[in-house]
Amino acid sequence: MTAPVLAEPMVNADSICKNYGSNEVLKGIDLKVYPGEVVCLIGPSGSGKSTFLRCINHLETVDGGRMWVNGKIVGYDLKGSKLYEQSHNDVCRSRTEVGMVFQQFNLFPHMTVLENLIEAPRLVRKEKKATAVARAKSLLEKVGLSDKADAYPRQLSGGQQQRVAIARALCMEPRLMLFDEPTSALDPELVGEVLKVMKDLANSGMTMVVVTHEMNFARDVADRVVFMADGYVVEQGPARDVITNPQNDRTKAFLASVLSETAAS
Amino acid sequence: MTAPVLAEPMVNADSICKNYGSNEVLKGIDLKVYPGEVVCLIGPSGSGKSTFLRCINHLETVDGGRMWVNGKIVGYDLKGSKLYEQSHNDVCRSRTEVGMVFQQFNLFPHMTVLENLIEAPRLVRKEKKATAVARAKSLLEKVGLSDKADAYPRQLSGGQQQRVAIARALCMEPRLMLFDEPTSALDPELVGEVLKVMKDLANSGMTMVVVTHEMNFARDVADRVVFMADGYVVEQGPARDVITNPQNDRTKAFLASVLSETAAS
Amino acid sequence: TNASQATPDASAPAAAAPGTEGAGTVVVNEKAQELLPEEIKAAGVLRVASDPTYAPFEYYDTDNKTMIGYDVDFSDAVGAALGLKIEHVPATFDTILPGLASGKYDMAMSTFSITPEREKIVDFVDYLKGGSGVAVVPGNPQNITMDPLSMCGKKIAGQKGSIQSMEYLPEFSKQCTEAGQEPISIQNFPGQSDANLALTSGRVDAVVADSVSLAYQGKEAGGKFELAEGEDYEPVPTGIALGKDAGLQEAVTEATRGILDSPYYAEMADKWGLPDSVLITSDVLDQK
Amino acid sequence: MTAVSTRNGPEAKAADSYTVVKAKHPGRWLSAAAIIVVAALLLHSVFTNPNFGWDVVGLYLRDVSIGRGILVTLGLTAISMAIGIVLGVIFAVMRLSANPVVRTAAFAYVNFFRGTPVLVQLLFWFNLAALYPVITLGIPGLHLDANQLITPMTAAILGLGLNQGAYMSEIVRAGILSVDHGQTEAAEALGITRMQTMRRIVLPQAMRVIIPPTGNETIGMLKTTALVSVISVPELLYSAQIIYARSFETIPLLIVASLWYLLITSILTIGQYYLERRFARGNQRNLPPTPWQKLRRFIATHDALALKGGTR
Amino acid sequence: MTAVSTRNGPEAKAADSYTVVKAKHPGRWLSAAAIIVVAALLLHSVFTNPNFGWDVVGLYLRDVSIGRGILVTLGLTAISMAIGIVLGVIFAVMRLSANPVVRTAAFAYVNFFRGTPVLVQLLFWFNLAALYPVITLGIPGLHLDANQLITPMTAAILGLGLNQGAYMSEIVRAGILSVDHGQTEAAEALGITRMQTMRRIVLPQAMRVIIPPTGNETIGMLKTTALVSVISVPELLYSAQIIYARSFETIPLLIVASLWYLLITSILTIGQYYLERRFARGNQRNLPPTPWQKLRRFIATHDALALKGGTR
Ligand SMILES: Nc1ncnc2c1ncn2[C@@H]1O[C@H](COP(=O)(O)OP(=O)(O)OP(=O)(O)O)[C@@H](O)[C@H]1O
Ligand SMILES: Nc1ncnc2c1ncn2[C@@H]1O[C@H](COP(=O)(O)OP(=O)(O)OP(=O)(O)O)[C@@H](O)[C@H]1O
Ligand SMILES: [Mg+2]
Ligand SMILES: [Mg+2]
C-alpha cells in the first residue's frame, strides 16, 4: 500500500490510531500530503490535531496504522518483509527530515539566538561551527532577525521568538515542516510577522502541515484544509471551499464560532 | 474642593499622582463618578488604568492628590481640619464599601464557591452563618450559578469563576464596583456570560468603574468612557461619542488598533 | 627478677632510633625484640590507640597536637624496648577495643581495666593496678563515696564503655535495689570530659572513673570538682591491650617486664603524679 | 502484534504484510546485568561474612532496650517536629512582619540556630546549669534550679526543637511567599485584615508547598535524634551503643540500629509520598504527571503497530 | 508632609487646608520595645556572666589548633560536597533512566543512605576493617589492607560524601523534572539524542532549581562535619574538644567553635543569596520581587498626601 512512485507523498498516514489509556484520541486517520503542499489542520480543541502532528515525527508512538514520511516508515527500518524497530538514535537521526515548530516556541533560554540555531546541526550532524553559523545567519536574515543573533530568547518578543523557532527548525534543512498553532500564544499585534514568515516559507515550496485557527492564513496560503473532529478526519478539500462553503454540519458549526470571534476584517 | 452636596460624587479623584520609584505612573488624574454611573476606563497598556483603580480602594497609596469615595477621604479620618491616617483595620473596614473584581478572578481555591462568598461577610462583618449563606445563595442565583455552590473554583470554567468573583464582591453589599479587565483572561466563548452579568448589574443601578477593552460593552453599557494615556486622562465623554468619534489623536490611534482586532460584528 | 634486662652498652646504637625524650633511658630489650612477629619487625612501627580525653594518662599537650601522659610515656618505653617507633593514634574510647580487634591498631593504652569480657576480644599485659574512685563537687554535699549504698537514687556518670559504667555501676545499682533503695540512675557519656562537665553543671551527682585520673583532673579543672574521700574501690589490674591475632603478647610482656623492673617505672609515676599504690611488680606478669 | 481495539473494531483492516521486529536495546541489558551481578556479589558477601554477626543481629533486633530506644526516638522526633513547626510558623510570620525590629529578631533567631551545629546546641542546653545554676528570669522570688527545670530529655527537646524551628521557619516562609499575591489582594479588597488573611487564606494554600519539605525534615529529624546520645538520652542509637560498649559486638548492633532506622524512614517516606500526592490533587485541575508517568515516556516501546484500526 | 515632585512640579497646586496626622501603630512600637528589652537583657546576662568565660573565649578564638580544625572542616565540607554533587548527578540521571534495573539500583542507593543516620554510616566506614580486613574486590592478587586504605579521614569523606550523594540526587532530580518538558520535546524534535539533551539542554537549565538547595546542603554539611569527631578526625569541634579535655574550659571552647561555625555559615549564606539572585536573573525577563521587595508592601506607610501633583 505504498504511494504511487511518481507522486510519492511526503506524508502518508494510513489509519493512524492512538490512545492514551482508555482515551482514544485518533481513531484511524488517513491523510496524504504531497511535496510542496501546504495543509492546514483545523478542528475543535481536543480533536487530536496536535497528537496527529506529533505522530508524524514520532514524538508519539502510534497504536495502530502506519505512518510513512518521505517514503520511509516512521520508527522502523524496512528490510525485506520485516520491520525492525529503530533504536533511539536512529529515530533521532530520521527526525532531522522533519522540522517542528511548537505553540510555546520552546527556545532554549540559556543560549543566545545563534546558539539555539547551531546547537542541533553541531550535535546531530556534527557540522563545523563555521558552516553552522553561516547557515544560521542566513536563516536569521530570512526571518528578519539578523540583528538579534546575540540576544537571549527572553529579550525577544513572542513573535520574534517564534520566528527564531522557525529558523531553528530550518537549520536542520528539513523536507517537511510541522507547525502546531504557531501563533496562538502570541499577542495579536505579533501574529502578523510570524504568519508572514510562514507564508514566505510556503511560497518557497516547503511542504507544510499547519495546525491553526488563523482562517485568513488558511484561506490565503493553504492548498488544502483538513477538518478533524473526535479523532476522525471529517472533511477536507481546497482551502476556500472548506472555509467558505463547508459541507459537514460539524465543520459548519466550528467555522461559525471561529469566524465570529476573529471576524475577518 | 468637596463635591456639591446634592449630587455628591461616589468617586472624586482630585489630581491623583502615583509613582513607582522614578516611574511616574499617574501624573494628576481628576475624575468624578456619580452614583449610578457606569464609567469605562480605556487606554493602552501601561497607561495606569489598573493603578488608578487600585488607588480608589486604597490597595495602592497615592503619592499626591486626594481621593474621596462616597464623601470620605480614602485612607484618612477627617476630624476638624486634621486628617488622621487610618489604621490598617479601619482601611479594611472602609474597603467594604467598594467591591473589586480582578482580571485573574483570584477566587480562594481551597474553598467551595459558597465558602468563598461567605468568608468576607463572616470575618469582616461578623455575620451569622445563616445570614451570609442566604445572601450568598441569592447572589449565586443572580449570576446564574445556584447549582455550583458546592463546587471548587478549579472545577469551574473561567467565565463561571469570574461570575463567582463578582458575586463574592457583591456579598459585601458595596456601593461601588471596580472591574479590572474582567474578561481579558477568558476564552472568547466565555466572555459573553460575564458581560451579561455586568450589564445586569449596571441596569440595577450599581455605580461601576470598569477597565476594559470590550468596546461593545463600553458602547452598550457605559455612561461615560474615559481614555487614559501616559498617566493622564486624555479624553472623556459619552461612550458612543468617544468610541465612534474620538477627538484626540492618541484616542483615534488606540481605538483603530483595538477595533481592527476584535472587529465589531 | 629479670636477668635479661639489657645493659646500656649492649644496645646503645639501636636505642637512639626509637627514642623519644621520655623513653630515653629505656634501652632495647633484645629478648623482647626476638619475640616480635616478623611483619611488625619489618614495619618498625607500632600503632598505639588512646582516647586523649583522660589526663594524666593520655591527653593533648598545649599545642593540641602532641599526645602526652603516663600511658604515652609508657608506650614509648615499650617501643624503645622493642626497638620500634610508636605512632600514637587518637580514638574515642568505645571504638578502641573493636578497632584493635579489627587490626586498626596494634596496641592500645587508654587505662583499660582488665575484665573477662574484654579479655574475650583482646589480650592484656598488666602495667598498673588502679582502683576506681568517685568525683564529686567540692565539699561532697551528698556524701557520695565508693560505697554502693551512698549512690542509691543518685545520678552517677561514667564514660561509655568504661568498666565503671559498664560493670560497677550496674552492680552497685543492683545492690541498692536489693537493699530496698532507689536504683542508681546511670548516665553514659562519650568522653570523660563530657561526664566531668555534666558534674560541674550539676547535671549528675558524681562521676565514677579511675581514681588517679579523677584526682588529677579535679586539680586541673581548678577545683570545680574533686575526688571524694575514702578507699578506692576494688583495685583491678590495668593493662596494655593487644589484638588477639597480632602475636604481640609475648614480646610486649617481655618489654613491660623490663620496664617494671627498671627505675624508670617509678620515675614516670612521679612525673605524672601517680601514687605508689597503683604500681605493680613484674611478678604479676609471671602469674599469667 | 497486539490487537488494538478501536471503536470500529469489527471493520478493522487486517495487518499489512510486514512482520515487526522489536528493538533489542543491548546497552540496557548489559548495564542491568552488570548492576545485578554487582548487587548479588555485594549481598552475598554481606550475608556470608561472619564478621557481620547476623545471628547477633537477629538476637538483638527485638531486644527490649532497643525497643525502648525506638520509642524514645519516635517520641523525640514527634515532639521536636511539633515544636519546630509551631516555632516555624511564628518566626515565618515574624519575618514577614511590617515591623523591622520583629523582623530582625526573627532573622537573628533563624541565623543563629541554623549557623551552629545542633550537637553544640544540645551540649549547651544540657549544661545550662553550668552557666546559670539558678534561673531567676529577673523576677524577684523566682529561683528555678536549671537542672530541675531542664532534664536531659528537656534539653534534647529544646535543642532539637529550637534548631528545627529555624529550619521550619524558612520552609513556612517559602510556602507563604509561594501563594499568589492575587490571593492576598483579593482578601484585602474584601476588607479582610492581614492576620485573618494569613490564617484563613494564605496559610491553608501554603500547605501544599510546606508539606513536602516538612516530610523531609521529619525524616531528617528521625536521624538527627541520634545526636542526643551525647547527652546520654537513651534513644535508639544510644541503646545500641550501650549494648556494644559492654559486649563489643559493635557491627551487629550498628546493623540492628540501622535496620530500625531504615524501616521507620521507609514508612515515613511512603506516608510522605501519598500525602504530597493528595495535596497536589487538591490544588490543580490536572495532576502533574508523577515521576512515574514522566518516566513512561522514556520507557515506551511500541509493538502494537501490526493491527491497524479502521478508517471511516 | 513630603513634597512630591511631579513632572509638572512648578505648576503643582498647594496643599489643601487639611493637616495630615500619621498613624501611630502603638502595637508595633510595643512589640519592638519588648523584643529590644528582652534581647538587651539576654545579651547583658550573657556578657556579664563569668561562667561563659569570655576571656578564655578571646584567648582561644585565634588558637592555632582551632585554626587547623577550621581548615579540616572547610576541606571536608568541600570534598564531601564535591563527591556528593557528582554522585547526585549520576544517581539522578540513573533514577530517570529507561532501564528499570538501573532505576531500582539508584532508588535503593538513595533510600539506603537517606534512611540511616550519617553517624552510623561514619562508624561503619571507620570500622570497615572489622568486616573486611582485606579488600580483594574479587580480583585475584588484589589484597588491600582495609585499615591502610581507609584512614579516619577517608572514612569521614566516604561517609559524608556517599550520604550527601543520596540527598543531592533528589535535588538534582527535582531540578531535572523542573525543566519544562517542552524543552526536551524541542530538542527531540530537532533530532538531539537523550544524553545530549540532558547534558546540553536540561542540566544547564536545571541549575537554577538545583543551586539554592545545594547552597543549603553545603551549609548543612559544614555543621554535619562536626559528627566526624566521633572517629577522631580533628575538625573544628574536635579541636575544641581536645582543648577542653585538658583544660576543662568546656563552655568557652564550645562558644569558640560556635562563633567560628556562625561566621563561616554567615559567609556561605550571603554567598548563596547572591548566587541565587544571579541565577534567577539569568532566567527571567523580570526578576521576581525579592522577599525584601515583597515586604515593602507591608511596610508602606504614606505621608506624601499633603502636596498634590499638578493636573493637566
Ligand atoms: N500526554 C497525554 N496523555 C494523556 N492524554 C493526552 C495527552 N496528550 C493529549 N491527550 C488527550 O488527547 C486528546 C487530544 O489532544 P490534542 O492535544 O491532540 O488535541 P488538539 O486537537 O491539539 O487540541 P487543542 O486545539 O486544544 O490543542 C485530548 O483529550 C487530550 O486530553
Ligand atoms: N507594583 C508595581 N511596581 C512597580 N511598577 C509597577 C507596579 N504596578 C504597575 N507598575 C507600572 O506602572 C505602570 C502602569 O501599570 P498599570 O498596571 O496601571 O497599567 P494598565 O494601564 O493597567 O496596563 P494594562 O492594560 O497592561 O493592564 C506600568 O509601567 C507598570 O510597569
Ligand atoms: Mg493542540
Ligand atoms: Mg491593568
# chains A, B, ... in the order shown; residues from 1 in each chain; ligands from 1

call {"tool": "residues_near_ligand", "arguments": {"ligand": "ligand 3", "cutoff": "9 Å", "atoms": "only C-alpha atoms and all ligand atoms", "output": "PyMOL selection string"}}
result
chain A and resi 45-51+53+103+180-181+211

call {"tool": "interface_residues", "arguments": {"of": "chain B", "to": "chain D", "cutoff": "6 Å", "atoms": "only C-alpha atoms", "output": "PDB file with N, CA and C atoms, in the first residue's frame"}}
result
ATOM      1  N   CYS B  92      -9.373  48.519  56.132  1.00  0.00           N
ATOM      2  CA  CYS B  92     -10.080  47.307  55.724  1.00  0.00           C
ATOM      3  C   CYS B  92     -11.588  47.513  55.811  1.00  0.00           C
ATOM      4  N   ARG B  93     -12.011  48.125  56.912  1.00  0.00           N
ATOM      5  CA  ARG B  93     -13.442  48.286  57.100  1.00  0.00           C
ATOM      6  C   ARG B  93     -14.041  49.171  55.998  1.00  0.00           C
ATOM      7  N   ARG B  95     -13.010  49.524  53.089  1.00  0.00           N
ATOM      8  CA  ARG B  95     -12.966  48.868  51.781  1.00  0.00           C
ATOM      9  C   ARG B  95     -14.247  48.116  51.476  1.00  0.00           C
ATOM     10  N   THR B  96     -15.005  47.798  52.510  1.00  0.00           N
ATOM     11  CA  THR B  96     -16.217  47.016  52.255  1.00  0.00           C
ATOM     12  C   THR B  96     -17.225  47.804  51.440  1.00  0.00           C
ATOM     13  N   ASN B 106      -8.984  35.469  41.057  1.00  0.00           N
ATOM     14  CA  ASN B 106      -8.475  35.383  42.421  1.00  0.00           C
ATOM     15  C   ASN B 106      -9.466  34.795  43.409  1.00  0.00           C
ATOM     16  N   VAL B 124     -15.388  39.854  58.286  1.00  0.00           N
ATOM     17  CA  VAL B 124     -15.292  41.308  58.388  1.00  0.00           C
ATOM     18  C   VAL B 124     -16.519  41.887  59.074  1.00  0.00           C
ATOM     19  N   ARG B 154     -11.569  25.422  40.940  1.00  0.00           N
ATOM     20  CA  ARG B 154     -10.873  24.767  39.832  1.00  0.00           C
ATOM     21  C   ARG B 154     -11.798  23.897  38.999  1.00  0.00           C
TER      22      ARG B 154
END

call {"tool": "select_by_dssp", "arguments": {"residues": "range 139-211 of chain C", "states": "strand (DSSP E)", "output": "list in words"}}
result
Lys155, Ile156, Ala157, Gly158, Gln159, Ser185, Ile186, Gln187, Asn188, Phe189, Ala206, Val207, Val208, Ala209 and Asp210 of chain C

call {"tool": "residues_around", "arguments": {"residues": "range 121-132 of chain C", "least_positions_apart": "2", "cutoff": "9 Å", "atoms": "only C-alpha atoms", "output": "number ranges by chain"}}
result
C: 74, 97-98, 100-101, 111-114, 117-119, 134, 146, 164, 208-212, 231-245, 249, 252-253, 256-257, 260, 277-282, 284-285; D: 248

call {"tool": "residues_around", "arguments": {"residues": "Arg250 in chain B", "least_positions_apart": "2", "cutoff": "10 Å", "atoms": "only C-alpha atoms", "output": "count of residues only"}}
result
15

call {"tool": "atom_distance", "arguments": {"atom1": "CA of Ser87 in chain B", "atom2": "CA of Ile118 in chain B"}}
result
24.5 Å

call {"tool": "interface_residues", "arguments": {"of": "chain D", "to": "chain C", "cutoff": "10 Å", "atoms": "only C-alpha atoms", "output": "PyMOL selection string"}}
result
chain D and resi 51+123+126-133+145-148+150-152+229-234+238+241-251

call {"tool": "residues_around", "arguments": {"residues": "Leu61 in chain E", "least_positions_apart": "5", "cutoff": "12 Å", "atoms": "only C-alpha atoms", "output": "VMD selection string"}}
result
chain E and resid 54 to 56 66 to 67 69 to 70 236 239 to 240 252 to 261 263

call {"tool": "residues_around", "arguments": {"residues": "Cys55 in chain A", "least_positions_apart": "6", "cutoff": "9 Å", "atoms": "only C-alpha atoms", "output": "list of chain:residue names"}}
result
A:Ile16, A:Lys18, A:Thr61, A:Val62, A:Met67, A:Val74

call {"tool": "closest_atom_pairs", "arguments": {"of": "chain D", "to": "chain E", "cutoff": "6 Å", "atoms": "only C-alpha atoms", "output": "Markdown table"}}
result
| residue | atom | partner | partner_atom | distance |
| --- | --- | --- | --- | --- |
| D:Ala32 | CA | E:Val101 | CA | 5.3 |
| D:Asn51 | CA | E:Leu131 | CA | 5.1 |
| D:Ala98 | CA | E:Ile299 | CA | 4.7 |
| D:Val101 | CA | E:Ala32 | CA | 5.3 |
| D:Gly115 | CA | E:Leu262 | CA | 4.6 |
| D:Thr116 | CA | E:Ser258 | CA | 5.5 |
| D:Pro117 | CA | E:Lys223 | CA | 4.9 |
| D:Leu131 | CA | E:Asn51 | CA | 5.1 |
| D:Lys223 | CA | E:Pro117 | CA | 4.9 |
| D:Ser258 | CA | E:Thr116 | CA | 5.5 |
| D:Tyr261 | CA | E:Thr116 | CA | 5.6 |
| D:Leu262 | CA | E:Gly115 | CA | 4.7 |
| D:Thr265 | CA | E:Gly115 | CA | 5.4 |
| D:Phe298 | CA | E:Ala98 | CA | 5.4 |
| D:Ile299 | CA | E:Ala98 | CA | 4.9 |

call {"tool": "write_last_selection", "arguments": {"atoms": "C-alpha atoms", "output": "compact mmCIF listing (two decimals), in the first residue's frame"}}
result
# COMPACT_ATOMS: atom_id res chain seq x y z
CA ALA D 32 21.18 -4.17 34.01
CA ASN D 51 32.04 -10.58 60.78
CA ALA D 98 5.85 45.13 58.90
CA VAL D 101 12.53 45.04 64.92
CA GLY D 115 24.53 28.65 61.96
CA THR D 116 25.68 26.43 64.82
CA PRO D 117 25.84 22.64 64.90
CA LEU D 131 26.13 28.85 83.09
CA LYS D 223 18.11 10.57 62.26
CA SER D 258 20.37 0.86 61.01
CA TYR D 261 16.13 3.47 61.21
CA LEU D 262 15.65 2.19 57.67
CA THR D 265 12.29 6.02 57.43
CA PHE D 298 11.20 7.14 28.24
CA ILE D 299 10.30 3.53 28.54

call {"tool": "residues_around", "arguments": {"residues": "range 158-160 of chain A", "least_positions_apart": "6", "cutoff": "7 Å", "atoms": "only C-alpha atoms", "output": "ChimeraX atom specification"}}
result
/A:186,190-191,193-194

call {"tool": "write_last_selection", "arguments": {"atoms": "N, CA and C atoms", "output": "PDB file, in the first residue's frame"}}
result
ATOM      1  N   LEU A 186       0.641  34.103  20.891  1.00  0.00           N
ATOM      2  CA  LEU A 186       1.187  35.439  20.632  1.00  0.00           C
ATOM      3  C   LEU A 186       0.164  36.534  20.898  1.00  0.00           C
ATOM      4  N   LEU A 190       1.427  40.662  17.287  1.00  0.00           N
ATOM      5  CA  LEU A 190       2.667  39.997  16.874  1.00  0.00           C
ATOM      6  C   LEU A 190       2.414  38.833  15.921  1.00  0.00           C
ATOM      7  N   VAL A 191       1.115  38.528  15.719  1.00  0.00           N
ATOM      8  CA  VAL A 191       0.777  37.364  14.893  1.00  0.00           C
ATOM      9  C   VAL A 191       1.243  37.566  13.457  1.00  0.00           C
ATOM     10  N   GLU A 193       3.687  39.088  11.906  1.00  0.00           N
ATOM     11  CA  GLU A 193       5.067  38.876  11.468  1.00  0.00           C
ATOM     12  C   GLU A 193       5.396  37.379  11.321  1.00  0.00           C
ATOM     13  N   VAL A 194       4.808  36.558  12.207  1.00  0.00           N
ATOM     14  CA  VAL A 194       5.068  35.119  12.105  1.00  0.00           C
ATOM     15  C   VAL A 194       4.362  34.542  10.882  1.00  0.00           C
TER      16      VAL A 194
END

call {"tool": "atom_distance", "arguments": {"atom1": "CA of Gln236 in chain A", "atom2": "CA of Ala222 in chain A"}}
result
11.8 Å
